[in-house]
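What follows is the content of coords19.txt, which has compact mmCIF, C-alpha atoms:
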```
# COMPACT_ATOMS: atom_id res chain seq x y z
CA MET A 1 41.69 -6.94 6.80
CA PHE A 2 41.36 -4.19 9.42
CA ILE A 3 43.70 -2.50 11.88
CA PRO A 4 42.99 -1.16 15.40
CA VAL A 5 41.78 2.45 15.64
CA GLN A 6 42.58 5.26 18.02
CA ALA A 7 40.08 6.73 20.47
CA GLY A 8 38.37 9.95 19.50
CA ARG A 9 36.99 9.59 15.97
CA ALA A 10 37.04 5.79 16.13
CA SER A 11 33.67 5.20 14.45
CA GLU A 12 34.64 7.42 11.47
CA GLU A 13 37.99 5.60 11.12
CA ILE A 14 36.27 2.22 11.17
CA ALA A 15 33.76 3.38 8.54
CA LEU A 16 36.62 4.61 6.33
CA GLN A 17 38.48 1.30 6.62
CA ILE A 18 35.39 -0.69 5.68
CA GLU A 19 34.58 1.71 2.83
CA ALA A 20 38.15 1.35 1.51
CA ALA A 21 37.80 -2.45 1.62
CA ILE A 22 34.59 -2.18 -0.42
CA MET A 23 36.13 0.18 -2.97
CA ASP A 24 39.25 -1.90 -3.59
CA GLY A 25 37.33 -5.18 -3.86
CA ARG A 26 38.37 -6.87 -0.61
CA LEU A 27 34.69 -6.83 0.32
CA SER A 28 32.26 -7.74 -2.46
CA PRO A 29 28.55 -6.95 -2.94
CA GLY A 30 26.42 -9.42 -0.98
CA GLU A 31 29.27 -10.34 1.37
CA ARG A 32 28.58 -10.26 5.11
CA LEU A 33 30.77 -8.19 7.41
CA PRO A 34 32.38 -9.95 10.38
CA SER A 35 30.18 -10.09 13.47
CA GLU A 36 30.18 -7.14 15.87
CA ARG A 37 32.23 -9.21 18.34
CA GLU A 38 34.81 -10.06 15.67
CA MET A 39 35.09 -6.41 14.60
CA GLN A 40 35.45 -5.34 18.24
CA SER A 41 38.49 -7.59 18.42
CA GLN A 42 39.93 -6.48 15.07
CA PHE A 43 39.47 -2.76 15.67
CA GLY A 44 40.20 -2.87 19.38
CA THR A 45 37.11 -0.93 20.36
CA GLY A 46 33.65 -1.30 21.94
CA ARG A 47 30.37 -2.50 20.45
CA GLY A 48 28.84 1.00 20.49
CA VAL A 49 31.61 2.33 18.25
CA ILE A 50 31.16 -0.58 15.82
CA ARG A 51 27.41 0.05 15.64
CA GLU A 52 27.98 3.76 14.99
CA ALA A 53 30.35 2.92 12.11
CA ILE A 54 27.77 0.55 10.62
CA LYS A 55 25.16 3.28 10.93
CA ILE A 56 27.43 5.69 9.01
CA LEU A 57 27.96 3.18 6.19
CA LYS A 58 24.27 2.36 6.06
CA GLN A 59 23.43 6.05 5.65
CA LYS A 60 25.91 6.19 2.76
CA GLY A 61 24.05 3.35 1.10
CA LEU A 62 27.02 0.96 1.31
CA LEU A 63 25.56 -1.51 3.82
CA GLU A 64 22.27 -3.31 4.27
CA VAL A 65 21.44 -4.61 7.76
CA LYS A 66 19.41 -7.83 7.87
CA LYS A 67 17.76 -9.50 10.85
CA GLY A 68 17.12 -13.15 11.64
CA ALA A 69 19.22 -16.30 11.61
CA LYS A 70 21.35 -14.99 8.72
CA GLY A 71 21.26 -11.42 9.95
CA GLY A 72 24.11 -8.98 10.00
CA ALA A 73 25.59 -6.15 7.93
CA TYR A 74 25.94 -6.99 4.24
CA ILE A 75 27.69 -5.08 1.46
CA ARG A 76 24.99 -3.50 -0.64
CA GLN A 77 24.80 -4.04 -4.39
CA LEU A 78 24.53 -0.54 -5.85
CA ASP A 79 22.36 -0.09 -8.93
CA VAL A 80 21.46 2.83 -11.16
CA GLY A 81 18.63 3.83 -8.83
CA ASN A 82 20.97 4.16 -5.85
CA ILE A 83 23.48 6.18 -7.84
CA SER A 84 20.82 8.42 -9.32
CA GLU A 85 19.21 9.06 -5.94
CA SER A 86 22.52 10.20 -4.47
CA LEU A 87 23.37 12.43 -7.42
CA ALA A 88 19.81 13.76 -7.54
CA LEU A 89 20.01 14.75 -3.87
CA PHE A 90 23.30 16.53 -4.51
CA LEU A 91 21.80 18.42 -7.45
CA LYS A 92 18.76 19.46 -5.43
CA GLN A 93 21.05 20.89 -2.77
CA HIS A 94 23.12 22.81 -5.35
CA PRO A 95 20.66 24.64 -7.63
CA VAL A 96 21.85 25.54 -11.13
CA GLU A 97 20.71 28.68 -12.97
CA PRO A 98 18.33 27.96 -15.90
CA GLU A 99 20.73 28.93 -18.70
CA LYS A 100 23.51 26.67 -17.38
CA LEU A 101 21.06 23.78 -17.08
CA ILE A 102 19.68 24.34 -20.58
CA GLU A 103 23.20 24.47 -22.00
CA PHE A 104 24.09 21.19 -20.31
CA ARG A 105 20.84 19.45 -21.27
CA GLU A 106 21.09 20.48 -24.90
CA THR A 107 24.69 19.26 -25.17
CA LEU A 108 23.77 15.97 -23.49
CA ASP A 109 20.69 15.44 -25.67
CA ARG A 110 22.68 16.04 -28.86
CA THR A 111 25.30 13.45 -27.89
CA ILE A 112 22.73 10.89 -26.77
CA THR A 113 20.73 11.34 -29.97
CA GLN A 114 23.76 10.78 -32.16
CA LEU A 115 24.64 7.58 -30.28
CA ALA A 116 21.02 6.36 -30.25
CA ILE A 117 20.76 6.67 -34.03
CA ALA A 118 23.99 4.72 -34.41
CA HIS A 119 23.43 1.96 -31.85
CA ALA A 120 19.73 1.41 -31.08
CA GLU A 121 17.63 -1.33 -32.65
CA GLN A 122 14.90 -0.23 -35.04
CA ALA A 123 12.25 -1.67 -32.72
CA GLU A 124 13.47 0.66 -29.95
CA LYS A 125 13.34 3.65 -32.28
CA ASP A 126 9.81 2.76 -33.33
CA GLU A 127 8.79 2.46 -29.68
CA LEU A 128 10.24 5.92 -29.03
CA VAL A 129 8.06 7.32 -31.83
CA LYS A 130 4.99 5.55 -30.46
CA GLU A 131 5.49 6.95 -26.95
CA ALA A 132 6.34 10.45 -28.25
CA LEU A 133 3.09 10.48 -30.24
CA ARG A 134 1.24 9.35 -27.10
CA LEU A 135 2.80 12.24 -25.17
CA GLU A 136 1.76 14.67 -27.89
CA ALA A 137 -1.82 13.40 -27.75
CA MET A 138 -1.88 13.76 -23.96
CA LEU A 139 -0.58 17.33 -24.09
CA LEU A 140 -3.07 18.37 -26.78
CA GLU A 141 -6.07 17.42 -24.65
CA ASP A 142 -8.26 20.27 -23.42
CA GLU A 143 -7.26 19.57 -19.83
CA PRO A 144 -3.95 17.66 -19.91
CA ASP A 145 -2.95 15.45 -17.01
CA PHE A 146 0.38 17.12 -16.26
CA THR A 147 1.40 14.50 -13.71
CA ALA A 148 1.00 11.68 -16.23
CA SER A 149 2.52 13.64 -19.10
CA SER A 150 5.53 14.69 -17.00
CA GLU A 151 6.16 11.06 -16.07
CA LEU A 152 5.93 10.00 -19.72
CA ASP A 153 8.30 12.81 -20.70
CA ARG A 154 10.80 11.54 -18.10
CA GLN A 155 10.48 8.00 -19.39
CA LEU A 156 11.07 9.15 -22.97
CA ASN A 157 14.29 10.89 -21.96
CA ILE A 158 15.51 7.81 -20.10
CA MET A 159 14.48 5.56 -22.99
CA LEU A 160 16.50 7.68 -25.41
CA ALA A 161 19.51 7.65 -23.08
CA ARG A 162 19.30 3.85 -22.84
CA MET A 163 19.31 3.63 -26.64
CA ALA A 164 22.75 5.26 -26.65
CA ARG A 165 24.17 1.96 -25.32
CA ASN A 166 26.39 3.74 -22.81
CA PRO A 167 25.35 3.18 -19.17
CA LEU A 168 26.96 6.45 -18.07
CA PHE A 169 24.47 8.45 -20.12
CA GLU A 170 21.60 6.44 -18.70
CA TRP A 171 22.80 6.98 -15.12
CA VAL A 172 23.23 10.71 -15.65
CA MET A 173 19.81 11.01 -17.30
CA HIS A 174 18.19 9.16 -14.39
CA ALA A 175 19.79 11.62 -11.99
CA ILE A 176 18.79 14.62 -14.08
CA GLN A 177 15.19 13.49 -14.28
CA MET A 178 15.09 12.92 -10.51
CA GLY A 179 17.13 15.86 -9.27
CA PHE A 180 17.17 18.70 -11.74
CA ASN A 181 14.38 21.16 -12.26
CA SER A 182 14.49 20.90 -16.05
CA HIS A 183 12.07 23.83 -16.53
CA ASP A 184 10.25 21.84 -19.23
CA TYR A 185 7.15 22.25 -17.07
CA ALA A 186 7.18 25.90 -18.17
CA LEU A 187 6.65 24.80 -21.78
CA TYR A 188 3.84 22.43 -20.90
CA GLU A 189 1.98 24.89 -18.67
CA ASP A 190 1.61 27.41 -21.51
CA LYS A 191 -0.85 26.21 -24.18
CA ALA A 192 0.89 27.86 -27.13
CA TYR A 193 4.30 26.52 -26.16
CA ARG A 194 2.84 23.18 -25.11
CA GLU A 195 1.48 22.43 -28.59
CA ARG A 196 4.77 23.30 -30.30
CA ALA A 197 6.91 21.41 -27.78
CA ALA A 198 4.71 18.31 -27.98
CA ALA A 199 4.81 18.24 -31.78
CA ASN A 200 8.55 18.81 -31.70
CA TRP A 201 9.10 15.75 -29.45
CA SER A 202 7.26 13.60 -32.01
CA LYS A 203 9.28 15.03 -34.90
CA THR A 204 12.51 14.43 -33.00
CA ALA A 205 11.59 10.78 -32.38
CA GLN A 206 10.59 10.29 -36.02
CA ALA A 207 13.87 11.75 -37.26
CA ILE A 208 15.77 9.40 -34.91
CA ALA A 209 13.76 6.41 -36.16
CA GLN A 210 14.54 7.36 -39.76
CA GLY A 211 18.24 7.81 -39.01
CA GLU A 212 18.18 11.50 -39.97
CA LEU A 213 20.74 12.93 -37.55
CA MET A 214 20.79 16.55 -38.75
CA ARG A 215 17.00 16.81 -38.65
CA ALA A 216 16.93 15.29 -35.17
CA LEU A 217 19.57 17.73 -33.93
CA GLY A 218 17.64 20.59 -35.48
CA PHE A 219 14.50 19.60 -33.58
CA ILE A 220 16.50 19.32 -30.35
CA GLY A 221 17.86 22.83 -30.92
CA TYR A 222 14.33 24.11 -31.53
CA HIS A 223 13.12 22.58 -28.26
CA TYR A 224 15.68 24.60 -26.32
CA VAL A 225 14.95 27.75 -28.31
CA LEU A 226 11.32 27.38 -27.21
CA LEU A 227 12.36 26.72 -23.64
CA ARG A 228 14.59 29.79 -23.47
CA GLN A 229 11.85 31.99 -24.95
CA CYS A 230 9.27 30.63 -22.53
CA ILE A 231 11.49 31.12 -19.46
CA ASP A 232 12.45 34.65 -20.58
CA GLU A 233 8.79 35.58 -21.02
CA LYS A 234 7.87 34.28 -17.58
CA ALA A 235 10.84 36.10 -16.03
CA THR A 236 9.78 39.34 -17.72
CA LEU A 237 6.24 39.00 -16.42
CA THR A 238 7.50 38.23 -12.93
CA ASN A 239 9.77 41.27 -12.89
CA GLU A 240 7.19 43.74 -14.27
CA PRO A 241 6.22 46.42 -11.69
CA ASP A 242 2.75 46.06 -10.28
CA ALA A 243 0.43 48.47 -12.14
CA GLU A 244 -1.74 49.18 -9.09
CA PHE A 245 1.35 50.00 -7.00
CA LEU A 246 2.56 52.44 -9.67
CA GLN A 247 -0.80 54.20 -9.78
CA LYS A 248 -0.77 54.68 -6.00
CA ASP A 249 2.81 55.94 -6.16
CA GLU A 250 1.91 58.49 -8.87
CA GLN A 251 -0.98 59.78 -6.75
```

Taking this structure as input, can you express it in the form of structure tokens?
Amino acid sequence: MFIPVQAGRASEEIALQIEAAIMDGRLSPGERLPSEREMQSQFGTGRGVIREAIKILKQKGLLEVKKGAKGGAYIRQLDVGNISESLALFLKQHPVEPEKLIEFRETLDRTITQLAIAHAEQAEKDELVKEALRLEAMLLEDEPDFTASSELDRQLNIMLARMARNPLFEWVMHAIQMGFNSHDYALYEDKAYRERAAANWSKTAQAIAQGELMRALGFIGYHYVLLRQCIDEKATLTNEPDAEFLQKDEQ
């Protein structure tokens, strides 16, 4: 399966060979790698180099190292959480300006909503309405629990993505909820916007449950109109010159 490597960047070459074997199916999830001694023989290198290669693959999330009688390096079964964590980390390291994010989120939400109306079971749609109404009630409290409401908002978005019956949308939504700063917090922090945004979530869910696509898309559009207005207002306030500073300057 493997070929000897040259000195120098040996550990990286070994990691690349193993990764290629995973990607093309020669190594399957749950399968154990050959022992360190066997890989030393196959790659023609020392144990330290083999261990460094395993460390590289473990950091990439491709291997799981187990101890004990059945210990060793095993090919890791990737799931949506692993994928989302990696993409979320990438997104956190590459910030996106608010308008670009809003544009992407609105386009994604419109597509997911259309698919959810077409493919989801009625029981799922009814559950979406139930949870959206619960979110609205939480946000209309005198002192909302923003930690709990933010988590419920995330779950609602993931629930809707799952209803689209396309795993790619669910994976992307998981990553967005984990890695993007969606700026929705800006709506929920402001009481006036919070009430309108909360009611709009409920109306969106109800339109989806009733199969009314155009109404649902209209509510989605309104959500992002509110979000743009809220962000613009906060940006204006942030950029306003300090009144006290101006008075001192005039004196």

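CA of Phe90 (chain A) sits 12.9 Å away from CA of Lys60 (chain A).
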
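Taking all atoms listed in the file into account, Ile22 (chain A) lies nearest to A:Arg76 out of the set A:Arg76, A:Arg9, A:His94, A:Arg165.
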
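Relative to CA of Lys234 (chain A), CA of Arg105 (chain A) is found at 20.0 Å.
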
* **Atom-to-atom span, CA of Leu139 (chain A) and CA of Arg194 (chain A), Å** => 6.9 Å

* Excluding Gly221 (chain A) and residues on its chain fewer than 5 positions from it, collect all residues at most 12 Å away from it, counting all atoms listed in the file, and give them as a ChimeraX atom specification. => /A:102-103,105-110,113,197,200-201,204,214-216,226-228

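Nearest to Pro167 (chain A) of all the residues A:Lys191, A:Asp79, A:Asp184, A:Gly44 is A:Asp79, based on all atoms listed in the file.
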
* Just the residues within 12 Å of Leu16 (chain A), please, counting only C-alpha atoms, with nothing from its chain fewer than 3 positions along; format it as a PyMOL selection string. => chain A and resi 2-3+5+9-13+19-23+53-54+56-57+60+62

* For Leu156 (chain A): contacts at 8 Å, all atoms listed in the file, fewer than 2 positions along chain excluded, given as a ChimeraX atom specification -> /A:128,131-132,152-154,158-160

Mind working out the centre and edge lengths of an axis-aligned box for region 92-100 of chain A, all listed atoms inside, 8 Å added to each side, rounded to one decimal in Å and written as AutoDock Vina command-line options?
```
--center_x 20.9 --center_y 24.2 --center_z -10.7 --size_x 21.2 --size_y 25.5 --size_z 31.9
```

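For the residues A:Arg196, A:Lys203, A:Pro98, A:Ala137, ranking by smallest atom-to-atom distance to Asp232 (chain A) using only C-alpha atoms places A:Pro98 first.
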
* To do: Scan for residues within 10 Å of the point (20.5, 7.6, -35.3) in the coordinates of the file, using all atoms listed in the file, and reply as an MDAnalysis selection string.
  => chainID A and resid 112:122 125 163:164 205 207:214 216

Can you spit out the residues from that selection as an mmCIF file, in the coordinates of the input, using C-alpha atoms?
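And here's part-v7.cif as it stands now:
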```cif
data_model
loop_
_atom_site.group_PDB
_atom_site.id
_atom_site.type_symbol
_atom_site.label_atom_id
_atom_site.label_comp_id
_atom_site.auth_asym_id
_atom_site.auth_seq_id
_atom_site.Cartn_x
_atom_site.Cartn_y
_atom_site.Cartn_z
ATOM 1 C CA ILE A 112 22.730 10.890 -26.770
ATOM 2 C CA THR A 113 20.730 11.340 -29.970
ATOM 3 C CA GLN A 114 23.760 10.780 -32.160
ATOM 4 C CA LEU A 115 24.640 7.580 -30.280
ATOM 5 C CA ALA A 116 21.020 6.360 -30.250
ATOM 6 C CA ILE A 117 20.760 6.670 -34.030
ATOM 7 C CA ALA A 118 23.990 4.720 -34.410
ATOM 8 C CA HIS A 119 23.430 1.960 -31.850
ATOM 9 C CA ALA A 120 19.730 1.410 -31.080
ATOM 10 C CA GLU A 121 17.630 -1.330 -32.650
ATOM 11 C CA GLN A 122 14.900 -0.230 -35.040
ATOM 12 C CA LYS A 125 13.340 3.650 -32.280
ATOM 13 C CA MET A 163 19.310 3.630 -26.640
ATOM 14 C CA ALA A 164 22.750 5.260 -26.650
ATOM 15 C CA ALA A 205 11.590 10.780 -32.380
ATOM 16 C CA ALA A 207 13.870 11.750 -37.260
ATOM 17 C CA ILE A 208 15.770 9.400 -34.910
ATOM 18 C CA ALA A 209 13.760 6.410 -36.160
ATOM 19 C CA GLN A 210 14.540 7.360 -39.760
ATOM 20 C CA GLY A 211 18.240 7.810 -39.010
ATOM 21 C CA GLU A 212 18.180 11.500 -39.970
ATOM 22 C CA LEU A 213 20.740 12.930 -37.550
ATOM 23 C CA MET A 214 20.790 16.550 -38.750
ATOM 24 C CA ALA A 216 16.930 15.290 -35.170
#
```

* Identify, on the basis of all atoms listed in the file, every residue whose closest approach to region 141-145 of chain A does not exceed 12 Å; exclude the query and any residue fewer than 5 positions from it along the same chain; express the result as a PyMOL selection string. => chain A and resi 134-136+150-152+188-191+194-195+198

* **Who sits within 12 Å of region 63-65 of chain A, only C-alpha atoms, same chain under 3 positions skipped, as JSON, numbers by chain** => {"A": [15, 18, 19, 22, 27, 28, 29, 30, 31, 32, 33, 35, 51, 53, 54, 55, 56, 57, 58, 59, 60, 68, 70, 71, 72, 73, 74, 75, 76, 77, 78]}

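Comparing A:Ala199, A:Leu217, A:Ala7, A:Ala186 by their smallest distance to Glu233 (chain A), the closest is A:Ala186 (using only C-alpha atoms).
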
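Ranking A:Leu89, A:Ile50, A:Ile14, A:Leu237 by their shortest atom-to-atom distance to Ile176 (chain A), with all atoms listed in the file included, puts A:Leu89 first.
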
Will you model N, CA and C atoms for region 19-41 of chain A and pass it back as a short mmCIF file (atom, residue, chain, number, x, y, z; two decimals), keeping the file's coordinate frame?
```cif
data_model
loop_
_atom_site.label_atom_id
_atom_site.label_comp_id
_atom_site.auth_asym_id
_atom_site.auth_seq_id
_atom_site.Cartn_x
_atom_site.Cartn_y
_atom_site.Cartn_z
N GLU A 19 34.88 1.13 4.14
CA GLU A 19 34.58 1.71 2.83
C GLU A 19 35.74 1.45 1.87
N ALA A 20 36.98 1.60 2.35
CA ALA A 20 38.15 1.35 1.51
C ALA A 20 38.18 -0.11 1.06
N ALA A 21 37.81 -1.02 1.97
CA ALA A 21 37.80 -2.45 1.62
C ALA A 21 36.75 -2.75 0.56
N ILE A 22 35.64 -2.01 0.59
CA ILE A 22 34.59 -2.18 -0.42
C ILE A 22 35.08 -1.65 -1.76
N MET A 23 35.71 -0.47 -1.73
CA MET A 23 36.13 0.18 -2.97
C MET A 23 37.24 -0.58 -3.69
N ASP A 24 38.14 -1.20 -2.93
CA ASP A 24 39.25 -1.90 -3.59
C ASP A 24 38.96 -3.39 -3.82
N GLY A 25 37.73 -3.82 -3.51
CA GLY A 25 37.33 -5.18 -3.86
C GLY A 25 37.60 -6.23 -2.81
N ARG A 26 38.15 -5.87 -1.67
CA ARG A 26 38.37 -6.87 -0.61
C ARG A 26 37.05 -7.32 -0.02
N LEU A 27 36.06 -6.47 -0.07
CA LEU A 27 34.69 -6.83 0.32
C LEU A 27 33.81 -6.69 -0.91
N SER A 28 33.06 -7.73 -1.23
CA SER A 28 32.26 -7.74 -2.46
C SER A 28 30.77 -7.56 -2.15
N PRO A 29 29.99 -7.08 -3.12
CA PRO A 29 28.55 -6.95 -2.94
C PRO A 29 27.92 -8.27 -2.51
N GLY A 30 27.08 -8.23 -1.50
CA GLY A 30 26.42 -9.42 -0.98
C GLY A 30 27.19 -10.11 0.13
N GLU A 31 28.45 -9.72 0.33
CA GLU A 31 29.27 -10.34 1.37
C GLU A 31 28.91 -9.79 2.74
N ARG A 32 28.93 -10.65 3.75
CA ARG A 32 28.58 -10.26 5.11
C ARG A 32 29.82 -9.77 5.84
N LEU A 33 29.67 -8.66 6.57
CA LEU A 33 30.77 -8.19 7.41
C LEU A 33 30.99 -9.15 8.57
N PRO A 34 32.17 -9.15 9.16
CA PRO A 34 32.38 -9.95 10.38
C PRO A 34 31.36 -9.53 11.45
N SER A 35 31.13 -10.41 12.40
CA SER A 35 30.18 -10.09 13.47
C SER A 35 30.68 -8.90 14.27
N GLU A 36 29.79 -8.29 15.04
CA GLU A 36 30.18 -7.14 15.87
C GLU A 36 31.30 -7.54 16.83
N ARG A 37 31.21 -8.76 17.39
CA ARG A 37 32.23 -9.21 18.34
C ARG A 37 33.59 -9.35 17.64
N GLU A 38 33.57 -9.91 16.43
CA GLU A 38 34.81 -10.06 15.67
C GLU A 38 35.42 -8.69 15.34
N MET A 39 34.57 -7.74 14.94
CA MET A 39 35.09 -6.41 14.60
C MET A 39 35.58 -5.67 15.84
N GLN A 40 34.96 -5.92 16.99
CA GLN A 40 35.45 -5.34 18.24
C GLN A 40 36.90 -5.78 18.48
N SER A 41 37.14 -7.05 18.22
CA SER A 41 38.49 -7.59 18.42
C SER A 41 39.47 -7.03 17.41
#
```
